[in-house]
$ cat input-v5.cif   # mmCIF, C-alpha atoms and all ligand atoms
data_protein
#
loop_
_atom_site.label_atom_id
_atom_site.label_comp_id
_atom_site.auth_asym_id
_atom_site.auth_seq_id
_atom_site.Cartn_x
_atom_site.Cartn_y
_atom_site.Cartn_z
CA MET A 1 -10.44 11.65 -2.56
CA GLN A 2 -12.06 12.15 0.83
CA GLY A 3 -10.14 10.21 3.48
CA LYS A 4 -7.70 8.70 0.97
CA ARG A 5 -4.01 8.57 1.82
CA VAL A 6 -1.42 9.22 -0.85
CA LEU A 7 2.27 8.44 -0.32
CA LEU A 8 4.02 10.90 -2.65
CA ILE A 9 7.57 10.01 -3.66
CA VAL A 10 9.35 13.09 -4.99
CA SER A 11 12.53 12.43 -6.93
CA GLY A 12 15.00 14.82 -8.58
CA GLY A 13 13.90 17.08 -11.40
CA ILE A 14 12.80 20.66 -11.96
CA ALA A 15 9.18 19.38 -12.13
CA ALA A 16 9.39 18.88 -8.35
CA ILE A 17 8.45 22.55 -8.06
CA LYS A 18 4.91 21.54 -9.14
CA ILE A 19 4.56 19.24 -6.14
CA PRO A 20 3.54 21.82 -3.49
CA GLU A 21 0.59 22.81 -5.71
CA THR A 22 -0.28 19.11 -6.20
CA ILE A 23 -0.30 18.52 -2.44
CA ARG A 24 -2.50 21.57 -1.91
CA ARG A 25 -5.05 20.31 -4.45
CA ILE A 26 -5.15 16.77 -3.03
CA ARG A 27 -5.74 18.15 0.45
CA GLU A 28 -8.46 20.51 -0.78
CA LEU A 29 -10.30 17.42 -1.99
CA GLY A 30 -10.03 15.80 1.43
CA GLY A 31 -7.06 13.51 0.72
CA ALA A 32 -4.04 13.14 3.00
CA VAL A 33 -0.48 13.29 1.65
CA ARG A 34 2.73 11.98 3.17
CA CYS A 35 5.98 12.65 1.31
CA VAL A 36 9.18 10.72 0.72
CA LEU A 37 11.83 13.02 -0.75
CA THR A 38 14.94 11.66 -2.49
CA ARG A 39 18.37 13.33 -2.34
CA GLY A 40 17.78 14.57 -5.92
CA GLY A 41 14.31 15.85 -5.01
CA GLU A 42 15.80 17.86 -2.14
CA GLN A 43 17.76 19.92 -4.70
CA PHE A 44 14.49 21.33 -6.07
CA VAL A 45 12.04 21.42 -3.19
CA THR A 46 12.69 21.55 0.55
CA PRO A 47 11.42 19.09 3.16
CA LEU A 48 10.11 22.10 5.09
CA SER A 49 7.77 23.28 2.31
CA LEU A 50 6.42 19.75 1.69
CA SER A 51 5.98 19.23 5.41
CA ALA A 52 4.12 22.54 5.84
CA LEU A 53 1.72 21.75 2.99
CA SER A 54 1.14 18.10 3.87
CA GLU A 55 1.03 18.89 7.60
CA ASP A 56 3.04 15.74 8.12
CA LYS A 57 6.63 14.71 8.52
CA VAL A 58 8.68 14.33 5.31
CA TYR A 59 10.75 11.15 5.08
CA THR A 60 14.17 11.32 3.44
CA ASP A 61 16.46 8.80 5.06
CA LEU A 62 16.39 5.01 5.00
CA PHE A 63 18.86 4.81 7.84
CA SER A 64 17.27 7.36 10.19
CA LEU A 65 16.89 5.68 13.55
CA THR A 66 14.06 8.00 14.59
CA ASP A 67 12.08 7.54 11.38
CA GLU A 68 12.51 3.76 11.45
CA HIS A 69 11.44 3.70 15.08
CA GLU A 70 8.41 5.97 14.60
CA MET A 71 7.17 4.82 11.23
CA GLY A 72 9.46 2.39 9.42
CA HIS A 73 9.75 2.11 5.66
CA ILE A 74 7.27 -0.79 5.51
CA ASN A 75 4.62 1.20 7.39
CA LEU A 76 5.03 4.15 5.03
CA SER A 77 3.49 2.08 2.27
CA ARG A 78 1.20 0.07 4.57
CA ASP A 79 -0.46 3.32 5.69
CA ALA A 80 -1.14 4.53 2.14
CA ASP A 81 -3.99 3.74 -0.26
CA VAL A 82 -1.80 4.53 -3.25
CA ILE A 83 1.79 5.56 -4.01
CA MET A 84 2.41 8.33 -6.51
CA ILE A 85 5.92 9.04 -7.82
CA ALA A 86 6.08 12.63 -9.08
CA PRO A 87 8.37 13.56 -10.61
CA ALA A 88 9.71 10.09 -11.48
CA SER A 89 13.24 10.59 -12.80
CA ALA A 90 14.83 8.30 -15.39
CA ASP A 91 17.21 7.15 -12.66
CA LEU A 92 14.43 6.22 -10.24
CA MET A 93 12.50 4.31 -12.91
CA ALA A 94 15.66 2.42 -13.91
CA LYS A 95 16.25 1.44 -10.28
CA MET A 96 12.63 0.31 -9.91
CA ALA A 97 12.82 -1.77 -13.08
CA ALA A 98 16.04 -3.39 -11.82
CA GLY A 99 14.65 -3.96 -8.30
CA LEU A 100 17.31 -1.88 -6.56
CA ALA A 101 16.70 -0.70 -3.00
CA GLY A 102 19.61 1.59 -2.08
CA ASP A 103 17.59 4.45 -0.56
CA LEU A 104 14.27 5.06 1.16
CA ALA A 105 12.25 5.71 -2.04
CA THR A 106 13.43 2.58 -3.86
CA THR A 107 13.14 0.44 -0.72
CA VAL A 108 9.52 1.54 -0.23
CA LEU A 109 8.82 0.82 -3.90
CA LEU A 110 10.38 -2.65 -3.76
CA ALA A 111 8.63 -3.54 -0.52
CA THR A 112 5.14 -2.27 -1.34
CA ASP A 113 2.08 -4.21 -2.40
CA LYS A 114 0.12 -0.99 -2.95
CA PRO A 115 -0.81 0.38 -6.39
CA VAL A 116 1.78 2.78 -7.83
CA ILE A 117 1.13 5.74 -10.14
CA CYS A 118 4.21 7.09 -11.88
CA ALA A 119 4.55 10.61 -13.37
CA PRO A 120 7.84 10.71 -15.31
CA ALA A 121 9.73 13.94 -15.91
CA MET A 122 12.98 14.18 -17.85
CA ASN A 123 14.70 15.56 -20.91
CA VAL A 124 13.19 14.39 -24.23
CA ARG A 125 16.31 12.38 -25.22
CA MET A 126 16.39 10.63 -21.87
CA TRP A 127 12.68 9.78 -22.25
CA GLU A 128 13.14 8.47 -25.80
CA HIS A 129 16.27 6.48 -24.94
CA ALA A 130 15.83 2.74 -25.51
CA ALA A 131 16.87 2.06 -21.90
CA THR A 132 14.15 4.32 -20.49
CA GLN A 133 11.52 2.93 -22.89
CA ALA A 134 12.47 -0.64 -21.89
CA ASN A 135 12.15 0.32 -18.22
CA VAL A 136 8.74 1.92 -18.81
CA ALA A 137 7.57 -1.24 -20.63
CA THR A 138 8.79 -3.40 -17.72
CA LEU A 139 7.06 -1.22 -15.14
CA LYS A 140 3.80 -1.12 -17.15
CA LYS A 141 3.90 -4.92 -17.39
CA ARG A 142 4.11 -5.01 -13.58
CA GLY A 143 0.91 -2.96 -13.32
CA ILE A 144 2.39 0.45 -12.63
CA ILE A 145 0.04 3.18 -13.87
CA PHE A 146 1.61 6.02 -15.87
CA VAL A 147 0.38 9.60 -16.05
CA GLY A 148 2.24 11.65 -18.64
CA PRO A 149 4.79 12.71 -19.60
CA THR A 150 3.50 15.39 -21.94
CA GLU A 151 5.08 17.26 -24.84
CA GLY A 152 6.28 20.84 -24.53
CA ASP A 153 9.12 23.24 -23.83
CA MET A 154 11.66 21.94 -21.38
CA ALA A 155 13.67 23.67 -18.69
CA CYS A 156 16.81 22.57 -20.61
CA GLY A 157 15.71 24.60 -23.66
CA GLU A 158 14.64 21.62 -25.78
CA PHE A 159 11.15 20.70 -26.92
CA GLY A 160 9.48 17.30 -26.85
CA MET A 161 8.09 14.52 -24.68
CA GLY A 162 9.23 14.46 -21.10
CA ARG A 163 7.41 17.25 -19.26
CA MET A 164 5.72 16.04 -16.10
CA ALA A 165 1.92 16.09 -16.13
CA GLU A 166 0.46 19.24 -14.51
CA PRO A 167 -0.82 19.16 -10.88
CA ALA A 168 -4.44 19.08 -12.17
CA ASP A 169 -3.61 15.98 -14.26
CA LEU A 170 -1.88 14.26 -11.34
CA VAL A 171 -4.95 14.88 -9.18
CA ALA A 172 -7.28 13.72 -11.97
CA ALA A 173 -5.23 10.50 -12.26
CA LEU A 174 -5.67 9.90 -8.54
CA GLN A 175 -9.40 10.60 -8.75
CA THR A 176 -9.81 8.20 -11.67
CA PHE A 177 -7.83 5.59 -9.77
CA PHE A 178 -9.98 5.92 -6.62
CA ALA A 179 -13.25 6.02 -8.60
CA ALA A 180 -12.31 2.66 -10.16
CA GLN A 181 -11.83 1.00 -6.75
CA PRO A 182 -14.91 -0.95 -5.69
CA GLY A 183 -14.73 0.00 -1.98
CA PRO A 184 -16.18 -1.97 0.96
CA LEU A 185 -19.62 -0.31 0.67
CA ALA A 186 -20.01 -0.85 -3.10
CA GLY A 187 -23.55 -1.96 -3.93
CA ARG A 188 -25.03 -0.29 -0.83
CA HIS A 189 -27.14 2.86 -0.63
CA ALA A 190 -26.98 5.41 2.18
CA VAL A 191 -29.25 8.36 2.92
CA VAL A 192 -27.60 11.11 4.97
CA THR A 193 -29.36 14.19 6.38
CA SER A 194 -27.28 17.28 7.05
CA GLY A 195 -27.48 20.95 8.00
CA PRO A 196 -30.24 22.91 9.68
CA THR A 197 -33.82 23.23 8.52
CA HIS A 198 -35.55 26.56 7.96
CA GLU A 199 -39.12 26.77 9.17
CA PRO A 200 -41.00 29.67 7.60
CA ILE A 201 -42.85 32.27 9.66
CA ASP A 202 -43.76 34.22 6.53
CA PRO A 203 -42.12 34.45 3.06
CA VAL A 204 -39.15 36.45 4.42
CA ARG A 205 -38.67 35.16 7.99
CA TYR A 206 -37.84 31.74 9.31
CA ILE A 207 -36.79 29.79 12.40
CA ALA A 208 -33.37 28.13 12.10
CA ASN A 209 -30.42 26.92 14.16
CA ARG A 210 -26.63 27.13 14.12
CA SER A 211 -25.84 23.86 12.32
CA SER A 212 -23.19 24.34 9.61
CA GLY A 213 -23.75 20.97 7.93
CA LYS A 214 -19.98 20.24 8.10
CA GLN A 215 -20.36 16.93 9.95
CA GLY A 216 -23.23 15.58 7.83
CA HIS A 217 -21.60 16.59 4.54
CA ALA A 218 -18.31 14.98 5.65
CA ILE A 219 -20.15 11.74 6.46
CA ALA A 220 -21.83 11.70 3.04
CA ALA A 221 -18.42 12.23 1.39
CA ALA A 222 -16.77 9.52 3.50
CA LEU A 223 -19.47 6.96 2.67
CA ALA A 224 -19.24 7.82 -1.04
CA ALA A 225 -15.46 7.38 -0.82
CA LEU A 226 -16.03 3.80 0.36
CA GLY A 227 -18.03 3.08 -2.79
CA CYS A 228 -21.49 3.64 -1.27
CA ARG A 229 -24.20 5.23 -3.45
CA THR A 230 -25.01 8.17 -1.23
CA THR A 231 -28.02 10.48 -1.23
CA LEU A 232 -27.40 13.62 0.83
CA VAL A 233 -30.55 15.44 1.88
CA SER A 234 -29.35 18.84 3.02
CA GLY A 235 -30.92 21.88 4.61
CA PRO A 236 -29.56 25.32 3.69
CA THR A 237 -25.74 25.48 4.16
CA GLN A 238 -22.79 27.40 2.74
CA LEU A 239 -21.04 24.16 1.78
CA ALA A 240 -20.20 22.82 -1.67
CA ASP A 241 -21.84 19.54 -2.68
CA PRO A 242 -19.55 16.68 -1.63
CA ALA A 243 -18.04 14.78 -4.55
CA GLY A 244 -19.76 11.60 -5.64
CA CYS A 245 -23.09 12.17 -3.79
CA ASP A 246 -26.61 12.78 -5.11
CA VAL A 247 -27.60 15.96 -3.31
CA VAL A 248 -31.22 16.94 -2.63
CA ARG A 249 -31.58 20.45 -1.21
CA ILE A 250 -34.57 21.19 0.97
CA GLU A 251 -35.59 23.89 3.46
CA SER A 252 -38.07 22.60 6.03
CA ALA A 253 -38.30 19.47 8.19
CA ARG A 254 -41.34 18.29 6.27
CA ASP A 255 -39.47 18.67 2.95
CA MET A 256 -36.55 16.78 4.48
CA LEU A 257 -38.76 13.86 5.49
CA ALA A 258 -40.38 13.75 2.04
CA ALA A 259 -36.94 13.75 0.33
CA VAL A 260 -35.62 11.03 2.65
CA GLU A 261 -38.68 8.84 2.06
CA ALA A 262 -38.38 9.38 -1.70
CA ALA A 263 -34.74 8.20 -1.55
CA LEU A 264 -35.63 4.86 0.10
CA PRO A 265 -34.90 1.97 -0.01
CA ALA A 266 -31.50 2.35 1.59
CA ASP A 267 -29.19 0.05 3.55
CA ILE A 268 -27.90 2.86 5.75
CA ALA A 269 -29.45 6.05 7.14
CA VAL A 270 -27.35 8.62 8.97
CA CYS A 271 -29.39 11.49 10.42
CA ALA A 272 -26.87 14.24 11.12
CA ALA A 273 -29.22 17.15 10.39
CA ALA A 274 -30.19 19.56 13.15
CA VAL A 275 -33.88 19.37 12.31
CA ALA A 276 -36.03 22.12 13.85
CA ASP A 277 -38.25 20.45 16.44
CA TRP A 278 -41.11 22.88 15.90
CA ARG A 279 -42.51 25.02 13.11
CA SER A 280 -44.99 27.85 13.02
CA ALA A 281 -48.46 26.30 12.82
CA ASP A 282 -49.80 29.05 10.65
CA ALA A 283 -46.96 30.41 8.49
CA ALA A 284 -48.27 33.50 6.72
CA ASP A 285 -48.15 33.50 2.92
CA LYS A 286 -47.63 37.29 2.91
CA LYS A 287 -45.03 39.24 4.91
CA ILE A 288 -46.37 40.04 8.39
CA LYS A 289 -46.41 43.85 8.62
CA LYS A 290 -45.84 45.97 11.69
CA GLN A 291 -48.76 48.21 12.54
CA ALA A 292 -48.21 51.13 14.94
CA GLY A 293 -49.52 50.22 18.37
CA ASP A 294 -49.86 46.46 17.61
CA ASP A 295 -48.51 43.91 20.09
CA ALA A 296 -45.68 41.68 18.89
CA PRO A 297 -47.24 38.72 17.04
CA ALA A 298 -47.32 35.42 18.97
CA LEU A 299 -45.92 32.35 17.28
CA ASN A 300 -48.17 29.34 17.51
CA MET A 301 -45.79 26.34 17.23
CA VAL A 302 -46.47 22.71 16.30
CA GLU A 303 -44.09 19.77 16.40
CA ASN A 304 -42.25 18.72 13.24
CA PRO A 305 -42.09 15.09 12.09
CA ASP A 306 -39.13 13.21 13.58
CA ILE A 307 -37.21 11.87 10.59
CA LEU A 308 -34.88 9.61 12.59
CA ALA A 309 -37.75 8.07 14.57
CA THR A 310 -39.80 7.60 11.39
CA LEU A 311 -36.92 5.81 9.65
CA SER A 312 -36.32 3.60 12.71
CA VAL A 313 -39.83 2.14 12.74
CA ALA A 314 -39.64 -1.54 11.87
CA GLY A 315 -41.00 -2.27 8.41
CA ASN A 316 -39.75 -3.36 5.05
CA LYS A 317 -38.44 0.12 4.19
CA ARG A 318 -36.39 0.43 7.40
CA PRO A 319 -32.69 0.73 6.50
CA ALA A 320 -30.66 -2.14 7.97
CA LEU A 321 -28.54 0.34 9.93
CA VAL A 322 -30.04 3.58 11.24
CA VAL A 323 -27.61 6.03 12.87
CA GLY A 324 -28.70 9.15 14.71
CA PHE A 325 -26.85 12.02 16.31
CA ALA A 326 -27.46 13.40 19.76
CA ALA A 327 -26.57 17.07 20.05
CA GLU A 328 -26.44 17.72 23.79
CA THR A 329 -25.32 20.60 25.97
CA HIS A 330 -25.38 18.65 29.29
CA ASP A 331 -25.56 15.04 30.60
CA VAL A 332 -24.32 14.03 27.15
CA LEU A 333 -24.12 10.25 27.63
CA ASP A 334 -27.30 9.82 29.69
CA ASN A 335 -29.32 11.91 27.24
CA ALA A 336 -27.82 10.09 24.27
CA HIS A 337 -28.58 6.62 25.67
CA ALA A 338 -32.17 7.69 26.34
CA LYS A 339 -32.42 9.14 22.82
CA ARG A 340 -31.29 5.85 21.27
CA GLU A 341 -34.03 3.99 23.13
CA ARG A 342 -36.68 6.61 22.41
CA LYS A 343 -35.99 6.96 18.69
CA GLY A 344 -35.41 3.26 18.04
CA CYS A 345 -32.24 3.75 16.00
CA ASP A 346 -29.30 1.31 16.05
CA TRP A 347 -26.44 3.67 16.79
CA ILE A 348 -26.19 7.16 18.24
CA VAL A 349 -23.23 9.46 17.73
CA ALA A 350 -23.34 11.68 20.80
CA ASN A 351 -21.66 15.07 20.79
CA ASP A 352 -21.40 17.96 23.19
CA VAL A 353 -22.57 21.12 21.44
CA SER A 354 -22.42 23.48 24.42
CA PRO A 355 -21.11 26.90 23.23
CA GLU A 356 -17.70 26.51 24.94
CA THR A 357 -16.87 23.43 22.76
CA GLY A 358 -17.25 25.44 19.51
CA THR A 359 -18.65 22.29 17.86
CA PHE A 360 -21.52 23.85 15.91
CA ALA A 361 -19.53 26.15 13.64
CA GLY A 362 -16.09 24.61 14.20
CA ASP A 363 -14.06 21.99 12.34
CA ASP A 364 -13.51 19.60 15.27
CA ASN A 365 -15.78 17.30 17.21
CA THR A 366 -15.56 15.03 20.25
CA VAL A 367 -18.02 12.16 19.97
CA HIS A 368 -19.09 8.94 21.68
CA LEU A 369 -20.48 6.08 19.60
CA ILE A 370 -23.35 4.34 21.38
CA THR A 371 -24.38 0.94 20.05
CA ALA A 372 -26.22 -2.05 21.55
CA ALA A 373 -22.78 -3.32 22.60
CA GLY A 374 -21.90 -0.23 24.68
CA THR A 375 -20.23 3.17 24.44
CA GLU A 376 -16.99 4.05 22.67
CA ASP A 377 -15.29 7.34 23.52
CA TRP A 378 -13.52 8.68 20.46
CA PRO A 379 -10.69 11.23 20.87
CA ARG A 380 -11.25 14.83 19.75
CA MET A 381 -10.63 15.00 16.02
CA SER A 382 -11.65 16.90 12.91
CA LYS A 383 -15.20 16.46 11.61
CA THR A 384 -13.75 14.75 8.53
CA GLY A 385 -11.85 12.40 10.88
CA VAL A 386 -15.11 11.55 12.69
CA ALA A 387 -16.80 11.02 9.31
CA ASP A 388 -14.03 8.72 8.03
CA GLN A 389 -14.02 6.66 11.23
CA LEU A 390 -17.82 6.37 11.23
CA ALA A 391 -17.86 5.30 7.57
CA GLN A 392 -15.18 2.66 8.34
CA ARG A 393 -17.26 1.40 11.29
CA ILE A 394 -20.33 1.16 9.06
CA ALA A 395 -18.35 -0.82 6.47
CA GLN A 396 -17.06 -3.18 9.20
CA HIS A 397 -20.62 -3.63 10.48
CA PHE A 398 -21.80 -4.85 7.07
CA GLU A 399 -18.69 -7.01 6.55
CA ALA A 400 -19.32 -8.71 9.93
CA ALA A 401 -23.00 -9.25 9.09
CA GLU A 402 -22.20 -11.04 5.78
N1 LIG A 501 -33.99 14.34 14.32
C1 LIG A 501 -34.80 14.11 13.24
N2 LIG A 501 -35.97 14.79 13.12
C2 LIG A 501 -36.36 15.69 14.06
C3 LIG A 501 -35.52 15.94 15.18
C4 LIG A 501 -34.34 15.26 15.29
O1 LIG A 501 -34.46 13.31 12.39
N3 LIG A 501 -37.49 16.32 13.90
C5 LIG A 501 -32.75 13.57 14.46
C6 LIG A 501 -31.47 14.35 14.34
O2 LIG A 501 -31.05 14.39 12.99
C7 LIG A 501 -30.54 13.54 15.20
C8 LIG A 501 -31.46 13.01 16.29
O3 LIG A 501 -32.76 13.04 15.77
O4 LIG A 501 -30.03 12.42 14.52
C9 LIG A 501 -31.42 13.74 17.60
O5 LIG A 501 -31.54 15.11 17.41
P1 LIG A 501 -31.44 16.10 18.64
O6 LIG A 501 -31.66 17.49 18.13
O7 LIG A 501 -30.21 15.80 19.43
O8 LIG A 501 -32.62 15.60 19.52
P2 LIG A 501 -34.11 15.95 19.58
O9 LIG A 501 -34.91 14.85 19.01
O10 LIG A 501 -34.33 17.30 18.96
O11 LIG A 501 -34.33 15.99 21.14
P3 LIG A 501 -33.95 17.14 22.19
O12 LIG A 501 -34.15 18.44 21.47
O13 LIG A 501 -34.88 16.90 23.29
O14 LIG A 501 -32.51 16.90 22.58
#
$ encode --input "input-v5.cif" --output "structure tokens"
Amino acid sequence: MQGKRVLLIVSGGIAAIKIPETIRRIRELGGAVRCVLTRGGEQFVTPLSLSALSEDKVYTDLFSLTDEHEMGHINLSRDADVIMIAPASADLMAKMAAGLAGDLATTVLLATDKPVICAPAMNVRMWEHAATQANVATLKKRGIIFVGPTEGDMACGEFGMGRMAEPADLVAALQTFFAAQPGPLAGRHAVVTSGPTHEPIDPVRYIANRSSGKQGHAIAAALAALGCRTTLVSGPTQLADPAGCDVVRIESARDMLAAVEAALPADIAVCAAAVADWRSADAADKKIKKQAGDDAPALNMVENPDILATLSVAGNKRPALVVGFAAETHDVLDNAHAKRERKGCDWIVANDVSPETGTFAGDDNTVHLITAAGTEDWPRMSKTGVADQLAQRIAQHFEAAE
């Protein structure tokens, strides 16, 4: 669901009260939701609650001059990857089947060329009525995907078919839908490194850094969302494994290199890990003990292998596109350009990690993309935004090369 945009049309029915929970779950999985609320829907759930949960404007009016100026009903569907109607009332489905376009929801549905998933909710007799069943058959014939309804107790006191699918089922339907989409990076393999490395001093102590892994994990998820087989080689982090990726967990830089090499061949390598540059040359295999009167032990450091530079060496295992990161605290662009030359990678994503930016532990990032063609300054955005934009750029790169 990472980076996917769902246009949620909420029509009238008591099941609309399940929609805030549905939005919350979609967003937890990295999806974005924008809502269209019908007059009927507004009787059960407020624009304010949907807007707060989706963190976006809620659209209700076909004839709103501001909405048409800012977004427009055609753009509402153009901006989405999929439209979900939940709850879909008998009335809304009848209008869709007949091709009516008297309000914003039906106009969007008549004007869209995007896939539509429909989650009906109504009284059992309304669901079983020949008119509704004929409308459902018409809509199915047009390719509309149905999720539910299910059987159970109804708000009206009856029992039978007509309950809207639960939020978990709506989300599962979206996940199944997205998993079935080939995506622009289908057939490609990416290796992504993420997080810090831990370099042992002895069995209980190690050298590490402040990397959270958020940016690397988000990139792995964004590539997987575009259909790319993605191997994420991650140092120790607090993060959950991103959906759809093969995750290899390692501790040290040398383990990371071994895991990356084992994952080759790959079309794409993105090195987002904050690999420790040095390790202790003689890590003790027993805990170093303090002895009264002893001097503090000296650490004898040796350089770690450079994974990005190793991957960038020309050869038949070199990924076609090698992307590195440059974590800089000063002279960001100059250092990043020099790093691209020195490491031999194709692209560098340069970011300022000086403490005042809060980049290391935070959720936002300001980056510059440096390629052979020049430097692009991207606006400050969330790390998932950076990941989605980078994954899109990678997909465009391969499309252009074909
Ligand atoms: N990198 C790597 N292996 C290393 C060190 C760095 O793969 N042993 C990769 C990082 O994942 C990143 C890029 O190289 O993609 C640059 O990392 P950075 O820490 O910014 O640079 P360094 O090579 O460590 O150089 P410096 O510390 O001088 O800035």
$ closest_atom_pairs --input "input-v5.cif" --of "chain A" --to "ligand LIG 501 (chain A)" --cutoff "7 Å" --atoms "only C-alpha atoms and all ligand atoms" --output "Markdown table"
| residue | atom | partner | partner_atom | distance |
| --- | --- | --- | --- | --- |
| A:Thr193 | CA | A:LIG501 | O2 | 6.8 |
| A:Ala253 | CA | A:LIG501 | N3 | 6.6 |
| A:Cys271 | CA | A:LIG501 | O2 | 4.2 |
| A:Ala272 | CA | A:LIG501 | O2 | 4.6 |
| A:Ala273 | CA | A:LIG501 | O2 | 4.2 |
| A:Ala274 | CA | A:LIG501 | O2 | 5.2 |
| A:Val275 | CA | A:LIG501 | C3 | 4.8 |
| A:Ala276 | CA | A:LIG501 | N3 | 6.0 |
| A:Asp277 | CA | A:LIG501 | N3 | 4.9 |
| A:Asn304 | CA | A:LIG501 | N3 | 5.4 |
| A:Pro305 | CA | A:LIG501 | N3 | 5.1 |
| A:Asp306 | CA | A:LIG501 | N3 | 3.5 |
| A:Ile307 | CA | A:LIG501 | O1 | 3.6 |
| A:Leu308 | CA | A:LIG501 | O1 | 3.7 |
| A:Ala309 | CA | A:LIG501 | O1 | 6.6 |
| A:Gly324 | CA | A:LIG501 | O4 | 3.5 |
| A:Phe325 | CA | A:LIG501 | O4 | 3.7 |
| A:Ala326 | CA | A:LIG501 | O7 | 3.7 |
| A:Ala327 | CA | A:LIG501 | O7 | 3.9 |
| A:Glu328 | CA | A:LIG501 | O7 | 6.1 |
$ closest_residue --input "input-v5.cif" --among "A:Lys290, A:His198, A:Lys214, A:Arg342" --to "Thr359 (chain A)" --atoms "all atoms listed in the file"
A:Lys214
$ residues_around --input "input-v5.cif" --residues "Met301 (chain A)" --least-positions-apart "2" --cutoff "12 Å" --atoms "only C-alpha atoms" --output "list in words"
Glu199, Pro200, Ile201, Ile207, Ala276, Asp277, Trp278, Arg279, Ser280, Ala281, Asp282, Ala283, Ala298, Leu299, Glu303 and Asn304 of chain A
$ closest_residue --input "input-v5.cif" --among "A:Glu341, A:Asp364, A:Glu251, A:Asp56" --to "Val33 (chain A)" --atoms "all atoms listed in the file"
A:Asp56
$ residues_around --input "input-v5.cif" --residues "Ala179 (chain A)" --least-positions-apart "6" --cutoff "10 Å" --atoms "all atoms listed in the file" --output "PyMOL selection string"
chain A and resi 1+173+224-227+244
$ closest_atom_pairs --input "input-v5.cif" --of "region 120-238 of chain A" --to "region 384-401 of chain A" --cutoff "9 Å" --atoms "all atoms listed in the file" --output "tab-separated table"
residue	atom	partner	partner_atom	distance
A:Pro184	CA	A:Ala395	CA	6.0
A:Leu185	CA	A:Ala395	CA	6.0
A:Lys214	CA	A:Thr384	CA	8.3
A:Gln215	CA	A:Ala387	CA	6.9
A:Gly216	CA	A:Ala387	CA	8.0
A:His217	CA	A:Ala387	CA	8.8
A:Ala218	CA	A:Thr384	CA	5.4
A:Ile219	CA	A:Ala387	CA	4.5
A:Ala220	CA	A:Ala387	CA	8.1
A:Ala221	CA	A:Ala387	CA	8.2
A:Ala222	CA	A:Asp388	CA	5.4
A:Leu223	CA	A:Ala391	CA	5.4
A:Ala225	CA	A:Ala391	CA	9.0
A:Leu226	CA	A:Ala391	CA	7.6
$ write_last_selection --input "input-v5.cif" --atoms "C-alpha atoms" --output "PDB file, keeping the file's coordinate frame"
ATOM      1  CA  PRO A 184     -16.180  -1.970   0.960  1.00  0.00           C
ATOM      2  CA  LEU A 185     -19.620  -0.310   0.670  1.00  0.00           C
ATOM      3  CA  LYS A 214     -19.980  20.240   8.100  1.00  0.00           C
ATOM      4  CA  GLN A 215     -20.360  16.930   9.950  1.00  0.00           C
ATOM      5  CA  GLY A 216     -23.230  15.580   7.830  1.00  0.00           C
ATOM      6  CA  HIS A 217     -21.600  16.590   4.540  1.00  0.00           C
ATOM      7  CA  ALA A 218     -18.310  14.980   5.650  1.00  0.00           C
ATOM      8  CA  ILE A 219     -20.150  11.740   6.460  1.00  0.00           C
ATOM      9  CA  ALA A 220     -21.830  11.700   3.040  1.00  0.00           C
ATOM     10  CA  ALA A 221     -18.420  12.230   1.390  1.00  0.00           C
ATOM     11  CA  ALA A 222     -16.770   9.520   3.500  1.00  0.00           C
ATOM     12  CA  LEU A 223     -19.470   6.960   2.670  1.00  0.00           C
ATOM     13  CA  ALA A 225     -15.460   7.380  -0.820  1.00  0.00           C
ATOM     14  CA  LEU A 226     -16.030   3.800   0.360  1.00  0.00           C
TER      15      LEU A 226
END
$ residues_around --input "input-v5.cif" --residues "region 23-30 of chain A" --least-positions-apart "4" --cutoff "7 Å" --atoms "only C-alpha atoms" --output "ChimeraX atom specification"
/A:1-3,19,53-54,171
$ residues_around --input "input-v5.cif" --residues "Ile9 (chain A)" --least-positions-apart "3" --cutoff "8 Å" --atoms "all atoms listed in the file" --output "PyMOL selection string"
chain A and resi 35-38+83-87+105
$ closest_atom_pairs --input "input-v5.cif" --of "region 173-238 of chain A" --to "region 108-124 of chain A" --cutoff "12 Å" --atoms "only C-alpha atoms" --output "Markdown table"
| residue | atom | partner | partner_atom | distance |
| --- | --- | --- | --- | --- |
| A:Ala173 | CA | A:Ile117 | CA | 8.2 |
| A:Leu174 | CA | A:Ile117 | CA | 8.1 |
| A:Gln175 | CA | A:Ile117 | CA | 11.7 |
| A:Thr176 | CA | A:Ile117 | CA | 11.3 |
| A:Phe177 | CA | A:Ile117 | CA | 9.0 |
| A:Phe178 | CA | A:Pro115 | CA | 10.7 |
| A:Gln181 | CA | A:Pro115 | CA | 11.0 |
$ build_atoms --input "input-v5.cif" --residues "region 60-64 of chain A" --atoms "N, CA and C atoms" --output "mmCIF file, in the frame of the given file"
data_model
loop_
_atom_site.group_PDB
_atom_site.id
_atom_site.type_symbol
_atom_site.label_atom_id
_atom_site.label_comp_id
_atom_site.auth_asym_id
_atom_site.auth_seq_id
_atom_site.Cartn_x
_atom_site.Cartn_y
_atom_site.Cartn_z
ATOM 1 N N THR A 60 13.085 11.180 4.409
ATOM 2 C CA THR A 60 14.170 11.320 3.440
ATOM 3 C C THR A 60 15.223 10.228 3.581
ATOM 4 N N ASP A 61 15.283 9.609 4.762
ATOM 5 C CA ASP A 61 16.460 8.800 5.060
ATOM 6 C C ASP A 61 16.099 7.378 5.458
ATOM 7 N N LEU A 62 16.649 6.430 4.707
ATOM 8 C CA LEU A 62 16.390 5.010 5.000
ATOM 9 C C LEU A 62 17.000 4.607 6.337
ATOM 10 N N PHE A 63 18.129 5.257 6.652
ATOM 11 C CA PHE A 63 18.860 4.810 7.840
ATOM 12 C C PHE A 63 18.662 5.734 9.040
ATOM 13 N N SER A 64 17.547 6.502 9.028
ATOM 14 C CA SER A 64 17.270 7.360 10.190
ATOM 15 C C SER A 64 16.673 6.506 11.296
#
